[in-house]
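Asks: protein14.txt is the file, holding compact mmCIF, C-alpha atoms and all ligand atoms:
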# COMPACT_ATOMS: atom_id res chain seq x y z
CA MET A 1 -4.94 -2.66 -14.30
CA VAL A 2 -5.43 1.03 -13.68
CA PRO A 3 -9.20 0.77 -14.42
CA ALA A 4 -9.35 -2.28 -12.12
CA ARG A 5 -7.86 -0.41 -9.16
CA LYS A 6 -10.04 2.62 -9.90
CA ASN A 7 -13.22 0.58 -10.12
CA GLY A 8 -12.66 -1.89 -7.30
CA TYR A 9 -11.98 -5.19 -9.02
CA ALA A 10 -8.85 -7.23 -9.75
CA ILE A 11 -7.60 -8.96 -12.89
CA PRO A 12 -6.78 -12.63 -12.35
CA ALA A 13 -3.19 -13.40 -13.35
CA LEU A 14 -3.19 -17.12 -13.98
CA ASN A 15 -0.04 -19.19 -14.42
CA VAL A 16 0.06 -21.42 -17.49
CA GLN A 17 2.55 -24.06 -18.59
CA ASN A 18 1.22 -25.79 -21.67
CA LEU A 19 -1.58 -26.05 -24.22
CA GLU A 20 -4.13 -27.36 -21.71
CA SER A 21 -3.63 -24.69 -19.05
CA LEU A 22 -3.44 -21.95 -21.64
CA THR A 23 -6.66 -22.88 -23.44
CA ALA A 24 -8.39 -23.49 -20.09
CA VAL A 25 -7.68 -19.89 -19.05
CA ALA A 26 -8.51 -18.41 -22.47
CA GLU A 27 -11.86 -20.24 -22.63
CA ALA A 28 -12.69 -19.23 -19.05
CA ALA A 29 -12.04 -15.56 -19.88
CA ALA A 30 -14.21 -15.70 -23.01
CA GLU A 31 -17.08 -17.37 -21.14
CA GLU A 32 -16.86 -14.92 -18.24
CA LYS A 33 -16.32 -11.89 -20.50
CA SER A 34 -13.33 -11.13 -18.31
CA PRO A 35 -9.94 -9.62 -19.06
CA VAL A 36 -7.18 -12.01 -17.99
CA ILE A 37 -3.41 -12.13 -17.66
CA LEU A 38 -1.61 -15.28 -18.83
CA GLN A 39 1.48 -15.63 -16.67
CA ILE A 40 4.61 -17.46 -17.75
CA THR A 41 7.53 -18.05 -15.39
CA PRO A 42 11.20 -18.53 -16.34
CA SER A 43 10.88 -22.20 -15.35
CA VAL A 44 7.98 -22.61 -17.79
CA ILE A 45 10.11 -21.00 -20.51
CA LYS A 46 12.78 -23.59 -19.70
CA TYR A 47 10.20 -26.41 -19.70
CA ALA A 48 8.26 -25.52 -22.85
CA GLY A 49 10.74 -23.38 -24.82
CA LEU A 50 10.15 -19.65 -25.37
CA PRO A 51 8.97 -19.86 -29.02
CA TYR A 52 6.45 -22.60 -28.22
CA ILE A 53 4.89 -21.02 -25.14
CA VAL A 54 4.88 -17.51 -26.62
CA GLY A 55 3.42 -18.87 -29.86
CA LEU A 56 0.57 -20.50 -27.94
CA ALA A 57 -0.04 -17.42 -25.81
CA LYS A 58 -0.05 -15.05 -28.80
CA THR A 59 -2.47 -17.33 -30.64
CA ALA A 60 -4.78 -17.33 -27.61
CA ALA A 61 -4.62 -13.54 -27.39
CA GLN A 62 -5.28 -13.09 -31.13
CA LEU A 63 -8.26 -15.45 -31.19
CA SER A 64 -9.77 -14.18 -27.96
CA PRO A 65 -12.93 -12.05 -27.93
CA VAL A 66 -11.70 -10.52 -24.63
CA PRO A 67 -8.39 -8.84 -23.73
CA ILE A 68 -5.66 -11.36 -22.89
CA SER A 69 -2.25 -10.08 -21.90
CA ILE A 70 0.96 -12.08 -21.78
CA HIS A 71 3.08 -11.51 -18.68
CA LEU A 72 6.47 -12.71 -17.50
CA ASP A 73 6.06 -13.80 -13.87
CA HIS A 74 9.06 -13.63 -11.49
CA GLY A 75 11.76 -12.69 -13.97
CA GLU A 76 14.84 -12.43 -11.78
CA GLU A 77 17.60 -11.66 -14.26
CA PHE A 78 17.83 -8.67 -16.61
CA ASP A 79 18.60 -10.89 -19.65
CA THR A 80 15.50 -13.06 -19.15
CA VAL A 81 13.30 -10.01 -18.89
CA ALA A 82 14.93 -8.39 -21.94
CA LYS A 83 14.28 -11.56 -24.01
CA CYS A 84 10.60 -11.46 -23.06
CA VAL A 85 10.32 -7.77 -23.95
CA GLN A 86 11.82 -8.64 -27.35
CA ALA A 87 9.51 -11.66 -27.74
CA GLY A 88 6.38 -9.49 -27.52
CA PHE A 89 5.17 -9.92 -23.93
CA SER A 90 2.62 -7.27 -22.88
CA SER A 91 4.18 -6.90 -19.44
CA VAL A 92 7.12 -8.21 -17.47
CA MET A 93 7.88 -8.70 -13.80
CA ILE A 94 11.38 -7.98 -12.58
CA ASP A 95 11.49 -9.65 -9.19
CA GLY A 96 14.37 -8.06 -7.30
CA SER A 97 12.82 -8.78 -3.92
CA PHE A 98 15.79 -10.99 -2.94
CA ARG A 99 18.23 -8.14 -3.68
CA LYS A 100 19.26 -5.22 -1.48
CA PHE A 101 16.91 -2.21 -1.71
CA GLU A 102 19.26 -0.10 -3.87
CA GLU A 103 20.08 -3.05 -6.15
CA ASN A 104 16.37 -3.78 -6.56
CA ILE A 105 15.82 -0.13 -7.56
CA ASN A 106 18.71 -0.26 -10.05
CA ILE A 107 17.68 -3.43 -11.86
CA THR A 108 14.02 -2.40 -11.91
CA LYS A 109 14.92 0.99 -13.37
CA ARG A 110 17.04 -0.70 -16.07
CA VAL A 111 14.05 -2.89 -17.00
CA VAL A 112 11.67 0.09 -17.08
CA ASP A 113 14.11 1.87 -19.41
CA ILE A 114 14.02 -0.94 -22.01
CA ALA A 115 10.36 -1.93 -21.56
CA HIS A 116 8.51 1.40 -21.64
CA PRO A 117 9.77 2.52 -25.08
CA LYS A 118 8.26 -0.71 -26.45
CA GLY A 119 4.94 -0.16 -24.65
CA VAL A 120 5.61 -3.03 -22.24
CA SER A 121 4.57 -2.40 -18.64
CA VAL A 122 6.65 -3.45 -15.66
CA GLU A 123 5.80 -5.07 -12.31
CA ALA A 124 8.34 -5.11 -9.49
CA GLU A 125 8.34 -6.61 -6.01
CA LEU A 126 9.33 -5.26 -2.64
CA GLY A 127 9.30 -7.34 0.53
CA LYS A 128 9.50 -11.10 0.93
CA LEU A 129 6.77 -13.66 0.47
CA ALA A 130 7.57 -15.86 3.45
CA GLY A 131 5.55 -17.45 6.24
CA ILE A 132 5.01 -14.85 8.96
CA GLU A 133 3.34 -16.89 11.66
CA GLU A 134 5.19 -17.24 14.94
CA ARG A 135 7.46 -14.33 14.05
CA SER A 136 7.98 -11.28 16.24
CA VAL A 137 6.76 -7.82 15.14
CA ASP A 138 10.36 -6.86 14.28
CA GLU A 139 10.83 -9.99 12.19
CA ARG A 140 7.56 -9.31 10.34
CA ASP A 141 8.62 -5.74 9.65
CA ALA A 142 11.85 -7.05 8.13
CA ILE A 143 9.94 -9.33 5.75
CA LEU A 144 6.77 -7.48 4.82
CA THR A 145 6.71 -4.43 2.52
CA ASP A 146 7.55 -1.17 4.27
CA PRO A 147 5.15 1.57 3.02
CA ASP A 148 7.76 4.37 3.01
CA ASP A 149 10.28 2.19 1.15
CA ALA A 150 7.55 1.28 -1.32
CA LYS A 151 6.72 4.94 -2.01
CA GLU A 152 10.40 5.76 -2.60
CA PHE A 153 10.80 2.63 -4.77
CA VAL A 154 7.86 3.54 -7.01
CA GLU A 155 9.02 7.15 -7.39
CA LYS A 156 12.61 6.19 -8.24
CA THR A 157 11.84 3.35 -10.67
CA GLY A 158 8.73 4.53 -12.54
CA VAL A 159 7.33 1.01 -12.28
CA ASP A 160 3.71 0.41 -13.39
CA THR A 161 2.58 -2.08 -10.74
CA LEU A 162 4.05 -3.23 -7.43
CA ALA A 163 3.83 -6.64 -5.78
CA VAL A 164 3.64 -6.22 -2.03
CA ALA A 165 4.32 -8.69 0.77
CA ILE A 166 1.44 -8.68 3.27
CA GLY A 167 1.63 -12.21 4.66
CA THR A 168 1.01 -14.50 1.70
CA SER A 169 3.45 -17.08 0.35
CA HIS A 170 3.63 -19.28 -2.72
CA GLY A 171 2.39 -22.87 -2.81
CA ALA A 172 -0.18 -24.96 -0.94
CA TYR A 173 1.10 -24.47 2.63
CA LYS A 174 0.62 -20.80 3.46
CA PHE A 175 -0.42 -20.93 7.10
CA LYS A 176 0.06 -23.37 9.96
CA SER A 177 -2.63 -21.83 12.15
CA GLU A 178 -4.73 -18.70 11.54
CA ALA A 179 -4.87 -17.62 7.89
CA LYS A 180 -4.61 -13.84 7.90
CA LEU A 181 -3.27 -11.04 5.73
CA ASP A 182 -1.75 -7.82 7.08
CA LEU A 183 -4.56 -5.60 5.79
CA GLU A 184 -3.52 -2.70 8.05
CA ARG A 185 -0.21 -2.57 6.19
CA LEU A 186 -2.00 -2.84 2.85
CA LYS A 187 -4.19 0.13 3.80
CA ILE A 188 -1.13 2.30 4.49
CA LEU A 189 0.53 1.08 1.28
CA SER A 190 -2.54 1.97 -0.77
CA GLU A 191 -2.67 5.45 0.78
CA LYS A 192 0.96 6.10 -0.16
CA ILE A 193 0.98 4.46 -3.61
CA SER A 194 -1.56 5.09 -6.35
CA ILE A 195 -0.36 2.52 -8.94
CA PRO A 196 -2.12 -0.88 -8.99
CA LEU A 197 -0.84 -3.28 -6.32
CA VAL A 198 -0.29 -6.99 -6.93
CA LEU A 199 -0.99 -9.93 -4.61
CA HIS A 200 1.24 -12.97 -5.13
CA GLY A 201 0.79 -16.29 -3.36
CA ALA A 202 -2.95 -15.75 -3.48
CA SER A 203 -4.34 -19.26 -4.00
CA SER A 204 -7.15 -20.23 -1.65
CA VAL A 205 -6.22 -23.96 -1.71
CA PRO A 206 -9.89 -25.03 -1.81
CA PRO A 207 -10.58 -27.86 0.68
CA GLU A 208 -12.72 -29.68 -1.91
CA LEU A 209 -9.72 -29.92 -4.26
CA ILE A 210 -7.51 -31.21 -1.46
CA GLU A 211 -10.21 -33.77 -0.58
CA LYS A 212 -10.53 -34.90 -4.21
CA ALA A 213 -6.76 -35.19 -4.67
CA THR A 214 -6.48 -37.05 -1.37
CA LYS A 215 -9.31 -39.44 -2.29
CA TYR A 216 -7.28 -40.46 -5.32
CA GLY A 217 -3.98 -40.90 -3.56
CA ALA A 218 -2.38 -37.48 -2.98
CA THR A 219 -0.71 -36.71 0.34
CA LEU A 220 -1.37 -33.01 0.93
CA GLY A 221 -2.17 -32.94 4.66
CA GLY A 222 -1.96 -29.47 6.22
CA ALA A 223 -2.42 -27.58 2.94
CA LYS A 224 -4.02 -24.18 3.59
CA GLY A 225 -4.56 -21.01 1.54
CA ILE A 226 -6.11 -17.55 1.60
CA PRO A 227 -9.69 -17.47 2.96
CA GLU A 228 -11.93 -16.24 0.14
CA ASP A 229 -13.36 -13.33 2.17
CA GLN A 230 -9.88 -11.76 2.25
CA TYR A 231 -9.88 -11.11 -1.51
CA LYS A 232 -12.67 -8.52 -1.38
CA LYS A 233 -10.95 -6.69 1.45
CA ALA A 234 -7.60 -6.70 -0.37
CA ILE A 235 -9.20 -5.45 -3.61
CA ALA A 236 -10.90 -2.60 -1.73
CA LEU A 237 -7.42 -1.63 -0.50
CA GLY A 238 -5.78 -1.32 -3.93
CA ILE A 239 -4.95 -4.87 -5.05
CA ALA A 240 -5.74 -4.93 -8.78
CA LYS A 241 -3.87 -8.06 -9.97
CA ILE A 242 -4.14 -11.38 -8.14
CA ASN A 243 -1.76 -14.22 -8.96
CA ILE A 244 -3.02 -17.80 -8.92
CA ASP A 245 -1.00 -20.88 -9.80
CA THR A 246 -1.41 -23.46 -7.03
CA ASP A 247 -5.23 -23.73 -7.25
CA LEU A 248 -5.00 -24.41 -11.00
CA ARG A 249 -2.34 -27.05 -10.44
CA LEU A 250 -4.40 -28.71 -7.71
CA ALA A 251 -7.50 -28.87 -9.92
CA PHE A 252 -5.50 -30.32 -12.80
CA THR A 253 -3.69 -32.95 -10.77
CA ALA A 254 -6.70 -34.03 -8.69
CA THR A 255 -8.58 -34.69 -11.94
CA VAL A 256 -5.72 -36.57 -13.60
CA ARG A 257 -5.61 -38.77 -10.49
CA GLU A 258 -9.39 -39.28 -10.60
CA VAL A 259 -9.43 -40.29 -14.27
CA LEU A 260 -6.48 -42.64 -13.93
CA THR A 261 -8.02 -44.28 -10.85
CA ASN A 262 -11.53 -44.63 -12.30
CA SER A 263 -10.59 -45.53 -15.86
CA THR A 264 -7.74 -47.98 -15.52
CA LYS A 265 -7.95 -49.02 -19.17
CA GLU A 266 -7.61 -45.44 -20.45
CA PHE A 267 -4.40 -44.48 -22.19
CA ASP A 268 -5.45 -41.73 -24.60
CA PRO A 269 -3.77 -38.53 -23.29
CA ARG A 270 -6.71 -36.45 -24.51
CA LYS A 271 -9.14 -38.42 -22.32
CA ILE A 272 -6.90 -37.81 -19.31
CA LEU A 273 -5.85 -34.22 -19.94
CA GLY A 274 -9.23 -33.06 -21.31
CA PRO A 275 -11.12 -33.43 -18.00
CA ALA A 276 -8.11 -31.96 -16.15
CA LYS A 277 -8.24 -28.92 -18.42
CA GLU A 278 -11.97 -28.56 -17.70
CA ALA A 279 -11.26 -28.60 -13.96
CA MET A 280 -8.68 -25.83 -14.40
CA LYS A 281 -11.16 -23.83 -16.43
CA GLN A 282 -13.71 -24.01 -13.60
CA VAL A 283 -11.09 -22.69 -11.15
CA ALA A 284 -10.22 -19.85 -13.55
CA LYS A 285 -13.89 -18.91 -13.93
CA SER A 286 -14.46 -18.95 -10.18
CA LYS A 287 -11.54 -16.53 -9.66
CA MET A 288 -12.94 -14.14 -12.29
CA GLN A 289 -16.29 -14.14 -10.47
CA LEU A 290 -14.67 -13.73 -7.06
CA PHE A 291 -12.29 -10.93 -8.08
CA GLY A 292 -15.08 -9.02 -9.86
CA SER A 293 -13.48 -9.11 -13.33
CA SER A 294 -16.33 -11.13 -14.88
CA GLY A 295 -18.31 -8.95 -17.29
CA LYS A 296 -15.59 -6.26 -17.35
CA ALA A 297 -14.17 -7.11 -20.81
O1 LIG A 301 5.22 -17.88 -8.34
C1 LIG A 301 5.15 -18.59 -9.32
C2 LIG A 301 4.82 -19.98 -9.36
O2 LIG A 301 3.81 -20.44 -8.54
C3 LIG A 301 6.02 -20.88 -9.37
O3 LIG A 301 6.08 -21.20 -10.68
O4 LIG A 301 7.11 -23.47 -10.67
O5 LIG A 301 6.63 -22.19 -12.77
O6 LIG A 301 8.50 -21.47 -11.29
P1 LIG A 301 7.16 -22.15 -11.37
P1 LIG A 302 0.07 -19.38 -5.52
O1 LIG A 302 1.15 -20.37 -5.28
O2 LIG A 302 -0.60 -19.00 -4.24
O3 LIG A 302 -0.92 -19.83 -6.53
O4 LIG A 302 0.75 -18.04 -6.07
C1 LIG A 302 1.06 -17.89 -7.42
C2 LIG A 302 1.91 -16.71 -7.71
O5 LIG A 302 2.09 -15.81 -6.91
C3 LIG A 302 2.53 -16.65 -9.04
O6 LIG A 302 3.35 -15.53 -9.19
ZN ZN A 303 4.36 -15.02 -7.37
Take the structure in the file and give it back as C-alpha cells.
Ligand code: G3H
Ligand code: 13P
Ligand code: ZN
Replies:
Amino acid sequence: MVPARKNGYAIPALNVQNLESLTAVAEAAAEEKSPVILQITPSVIKYAGLPYIVGLAKTAAQLSPVPISIHLDHGEEFDTVAKCVQAGFSSVMIDGSFRKFEENINITKRVVDIAHPKGVSVEAELGKLAGIEERSVDERDAILTDPDDAKEFVEKTGVDTLAVAIGTSHGAYKFKSEAKLDLERLKILSEKISIPLVLHGASSVPPELIEKATKYGATLGGAKGIPEDQYKKAIALGIAKINIDTDLRLAFTATVREVLTNSTKEFDPRKILGPAKEAMKQVAKSKMQLFGSSGKA
C-alpha cells in the first residue's frame, strides 16, 4: 500500500465469504491487472471455517497472475488475530476502535509485536464509524479521528496502516440527507501521518443495484452510500486502501433475486450463483477502475 499512497491510487479491499465471492474478486483482479486485497472477517471465519476460507484464499493467491493479499478485517480480539497470523494471512486488522485510547494502543502494539517478525503487516483503527449527520461539532469531534491522537497512536504502535473515521459508516444506510466526508480532517490527518490510510464503510450503494434488487422484491428504501466523486478526493489525501463489502453483497443478492424471479423452474445452484458471481465481479472491476489500481499489477 505504500506505493499506492505514493503514487495516488488505492488498493480495493474486497470482503469475501465463500467460493463465489472469492473467485469473483480474483478473476476481476486478473482481468484488470490490479493488485487486490481479499478481506475475511471473524464472522466469515465462523461461517465458513478458518481452514476452508484460508484454503480457498491461498489457492486464489497462488494461481493469480496478479498480487492478491489475504487480510483479516475487523479482528477485535488478540486471539483471533494471532490465529490468522499463524494461518498465513498477509496482513491483519486489529480493530480496537471501541476501546479506550490507551487500551487500543496496548492491544495494537501486542499485535504488531507478534505480526511483524512473521512479515505480516498490521492495520489499526482510531475513531468511530458512526452516522455523523445531525450531530454537533463537539459530538463529531468525539467520534471522528483526531489528527494529534492519530499521530501519537502511529508513533507508539508502529502500525503499518491506519483506518480513520471521516464520516463513513458500514452498510447500505450511510447518510439520511447530504452524503459528505470530512475531507478537511483527512487533509490534516494526511499531513501528520505518512503511512497509508484506510477508508472503511466506503461502498457507494449504486442506485442501479438498489433499483434492480427492489424490482425483484427487496425493500431497501433510503439506502445511500458514498458519492463516487469523493473517492478521488480521498485518495489524493492519503487513502490507499478502500474497503468494500456492501456493494458486492447488493450485486450478488439483486442477481439471485432476478434469476429466481425470472427462472422459476431453475433449481441448479450453479445457474443461480453463477450469474450472481458475475455481478459481483463487475462491481469489483468497477472499483479497481475507479480507485486507479487497474493496470498497476
Ligand atoms: O466491516 C465489515 C463488514 O461489512 C461486516 O462484515 O458481516 O462479515 O462481519 P461481516
Ligand atoms: P461497506 O459496508 O461500506 O461496504 O464497508 C465495508 C468495510 O468497511 C469492511 O471493513
Ligand atoms: Zn470496515
Asks: Kindly provide the residues of chain A that approach ligand ZN 303 (chain A) to within 9 Å, each paired with its closest atom pair and their distance in Å to one decimal, based on all atoms listed in the file, listed by chain and increasing number, as a tab-separated table.
Replies:
residue	atom	partner	partner_atom	distance
A:Asp73	CA	A:ZN303	ZN	6.8
A:His74	CA	A:ZN303	ZN	6.4
A:Leu129	CA	A:ZN303	ZN	8.3
A:Ala163	CA	A:ZN303	ZN	8.5
A:Ser169	CA	A:ZN303	ZN	8.0
A:His170	CA	A:ZN303	ZN	6.3
A:Leu199	CA	A:ZN303	ZN	7.9
A:His200	CA	A:ZN303	ZN	4.4
A:Gly201	CA	A:ZN303	ZN	5.5
A:Ala202	CA	A:ZN303	ZN	8.3
A:Asn243	CA	A:ZN303	ZN	6.4
A:Ile244	CA	A:ZN303	ZN	8.0
A:Asp245	CA	A:ZN303	ZN	8.3
Asks: When you count all atoms listed in the file, which of these residues is closest to ligand LIG 302 (chain A): A:Lys156, A:Lys287, A:Lys118, A:Lys215?
Replies: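 Among the listed residues, A:Lys287 lies closest to ligand LIG 302 (chain A).
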Asks: Grab me every residue within 12 Å of ligand LIG 301 (chain A), counting all atoms listed in the file, and send it over as a PyMOL selection string.
Replies: chain A and resi 13-18+39-48+71-76+93+95+125+129+163+168-172+199-203+242-250
Asks: Would you mind exporting the chosen residues as a compact mmCIF listing (two decimals), keeping the file's coordinate frame, restricted to C-alpha atoms?
Replies:
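See again_24.txt below for the written result:
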# COMPACT_ATOMS: atom_id res chain seq x y z
CA ALA A 13 -3.19 -13.40 -13.35
CA LEU A 14 -3.19 -17.12 -13.98
CA ASN A 15 -0.04 -19.19 -14.42
CA VAL A 16 0.06 -21.42 -17.49
CA GLN A 17 2.55 -24.06 -18.59
CA ASN A 18 1.22 -25.79 -21.67
CA GLN A 39 1.48 -15.63 -16.67
CA ILE A 40 4.61 -17.46 -17.75
CA THR A 41 7.53 -18.05 -15.39
CA PRO A 42 11.20 -18.53 -16.34
CA SER A 43 10.88 -22.20 -15.35
CA VAL A 44 7.98 -22.61 -17.79
CA ILE A 45 10.11 -21.00 -20.51
CA LYS A 46 12.78 -23.59 -19.70
CA TYR A 47 10.20 -26.41 -19.70
CA ALA A 48 8.26 -25.52 -22.85
CA HIS A 71 3.08 -11.51 -18.68
CA LEU A 72 6.47 -12.71 -17.50
CA ASP A 73 6.06 -13.80 -13.87
CA HIS A 74 9.06 -13.63 -11.49
CA GLY A 75 11.76 -12.69 -13.97
CA GLU A 76 14.84 -12.43 -11.78
CA MET A 93 7.88 -8.70 -13.80
CA ASP A 95 11.49 -9.65 -9.19
CA GLU A 125 8.34 -6.61 -6.01
CA LEU A 129 6.77 -13.66 0.47
CA ALA A 163 3.83 -6.64 -5.78
CA THR A 168 1.01 -14.50 1.70
CA SER A 169 3.45 -17.08 0.35
CA HIS A 170 3.63 -19.28 -2.72
CA GLY A 171 2.39 -22.87 -2.81
CA ALA A 172 -0.18 -24.96 -0.94
CA LEU A 199 -0.99 -9.93 -4.61
CA HIS A 200 1.24 -12.97 -5.13
CA GLY A 201 0.79 -16.29 -3.36
CA ALA A 202 -2.95 -15.75 -3.48
CA SER A 203 -4.34 -19.26 -4.00
CA ILE A 242 -4.14 -11.38 -8.14
CA ASN A 243 -1.76 -14.22 -8.96
CA ILE A 244 -3.02 -17.80 -8.92
CA ASP A 245 -1.00 -20.88 -9.80
CA THR A 246 -1.41 -23.46 -7.03
CA ASP A 247 -5.23 -23.73 -7.25
CA LEU A 248 -5.00 -24.41 -11.00
CA ARG A 249 -2.34 -27.05 -10.44
CA LEU A 250 -4.40 -28.71 -7.71
Asks: Go through A:Ser136, A:Thr161, A:Ser64, A:Ser121 and flag the residue nearest Gly238 in chain A, using all atoms listed in the file for the distances.
Replies: A:Thr161
Asks: Compile the contact shell of Leu126 in chain A as a short mmCIF file (atom, residue, chain, number, x, y, z; two decimals) with C-alpha atoms, in the frame of the given file: residues with an atom at most 12 Å away, counting only C-alpha atoms, same-chain residues fewer than 5 positions apart removed.
Replies:
data_model
loop_
_atom_site.label_atom_id
_atom_site.label_comp_id
_atom_site.auth_asym_id
_atom_site.auth_seq_id
_atom_site.Cartn_x
_atom_site.Cartn_y
_atom_site.Cartn_z
CA MET A 93 7.88 -8.70 -13.80
CA ILE A 94 11.38 -7.98 -12.58
CA ASP A 95 11.49 -9.65 -9.19
CA GLY A 96 14.37 -8.06 -7.30
CA SER A 97 12.82 -8.78 -3.92
CA PHE A 98 15.79 -10.99 -2.94
CA ARG A 99 18.23 -8.14 -3.68
CA LYS A 100 19.26 -5.22 -1.48
CA PHE A 101 16.91 -2.21 -1.71
CA GLU A 102 19.26 -0.10 -3.87
CA GLU A 103 20.08 -3.05 -6.15
CA ASN A 104 16.37 -3.78 -6.56
CA ILE A 105 15.82 -0.13 -7.56
CA THR A 108 14.02 -2.40 -11.91
CA ALA A 142 11.85 -7.05 8.13
CA ILE A 143 9.94 -9.33 5.75
CA LEU A 144 6.77 -7.48 4.82
CA THR A 145 6.71 -4.43 2.52
CA ASP A 146 7.55 -1.17 4.27
CA PRO A 147 5.15 1.57 3.02
CA ASP A 148 7.76 4.37 3.01
CA ASP A 149 10.28 2.19 1.15
CA ALA A 150 7.55 1.28 -1.32
CA LYS A 151 6.72 4.94 -2.01
CA GLU A 152 10.40 5.76 -2.60
CA PHE A 153 10.80 2.63 -4.77
CA VAL A 154 7.86 3.54 -7.01
CA VAL A 159 7.33 1.01 -12.28
CA THR A 161 2.58 -2.08 -10.74
CA LEU A 162 4.05 -3.23 -7.43
CA ALA A 163 3.83 -6.64 -5.78
CA VAL A 164 3.64 -6.22 -2.03
CA ALA A 165 4.32 -8.69 0.77
CA ILE A 166 1.44 -8.68 3.27
CA LEU A 189 0.53 1.08 1.28
CA LEU A 197 -0.84 -3.28 -6.32
CA VAL A 198 -0.29 -6.99 -6.93
CA LEU A 199 -0.99 -9.93 -4.61
CA HIS A 200 1.24 -12.97 -5.13
#
Asks: Which residue gives the smallest distance to ligand LIG 302 (chain A) among A:Ala87, A:Lys224, A:His116, A:Ile11, with all atoms listed in the file counted?
Replies: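 Among A:Ala87, A:Lys224, A:His116, A:Ile11, it is A:Lys224 that comes nearest to ligand LIG 302 (chain A).
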Asks: Pick from A:Val92, A:Ala61, A:Leu181, A:Ala284: nearest to Ser21 in chain A, with only C-alpha atoms counted?
Replies: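 With only C-alpha atoms as the atom set, the closest residue is A:Ala284.
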Asks: Which residue is closest to ligand LIG 302 (chain A)? Choose from A:Pro117, A:Gly49, A:Gly88, A:Gly167 and count all atoms listed in the file.
Replies: A:Gly167
Asks: Between CA of Gln282 in chain A and CA of Glu32 in chain A, measure the distance and give it in Å to one decimal.
Replies: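 About the pair CA of Gln282 in chain A and CA of Glu32 in chain A: they are 10.7 Å apart.
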Asks: Rank A:Ile53, A:Val259, A:Val36, A:Leu63 by their smallest atom-to-atom distance to Pro275 in chain A, using all atoms listed in the file, and report the top residue only.
Replies: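 Closest to Pro275 in chain A of all the choices is A:Val259.
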Asks: At a cut-off of 8 Å, using only C-alpha atoms, what residues contact Gly295 in chain A? Leave out same-chain residues fewer than 2 positions from it and give the result as a PDB file with C-alpha atoms, keeping the file's coordinate frame.
Replies:
ATOM      1  CA  GLU A  32     -16.860 -14.920 -18.240  1.00  0.00           C
ATOM      2  CA  LYS A  33     -16.320 -11.890 -20.500  1.00  0.00           C
ATOM      3  CA  SER A  34     -13.330 -11.130 -18.310  1.00  0.00           C
ATOM      4  CA  SER A 293     -13.480  -9.110 -13.330  1.00  0.00           C
ATOM      5  CA  ALA A 297     -14.170  -7.110 -20.810  1.00  0.00           C
TER       6      ALA A 297
END
Asks: What separation in Å, quoted to one decimal, exists between CA of Leu38 in chain A and CA of Glu211 in chain A?
Replies: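 That distance, rounded to one decimal, is 27.4 Å.
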Asks: Can you pull out the residues contacting Ala60 in chain A? Cut-off 8 Å, using all atoms listed in the file, and skip same-chain residues under 5 positions away; I want them as a ChimeraX atom specification.
Replies: /A:22-23,26,68
Asks: What separation in Å, quoted to one decimal, exists between CA of Val25 in chain A and CA of Lys281 in chain A?
Replies: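 Atom-to-atom, CA of Val25 in chain A to CA of Lys281 in chain A, that is 5.9 Å.
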Asks: Give me, as JSON, numbers by chain, all polymer residues having an atom no more than 9 Å from Phe291 in chain A, counting only C-alpha atoms and skipping those fewer than 3 positions away in the same chain.
Replies: {"A": [9, 10, 11, 12, 231, 232, 235, 240, 242, 286, 287, 288, 294]}
Asks: Draw an axis-aligned box tight on the listed atoms of range 200-211 of chain A, then pad every side by 5 Å and write out centre and edge lengths in Å to one decimal as JSON.
Replies:
{"center_x": -5.7, "center_y": -23.4, "center_z": -2.2, "size_x": 24.0, "size_y": 30.8, "size_z": 15.8}
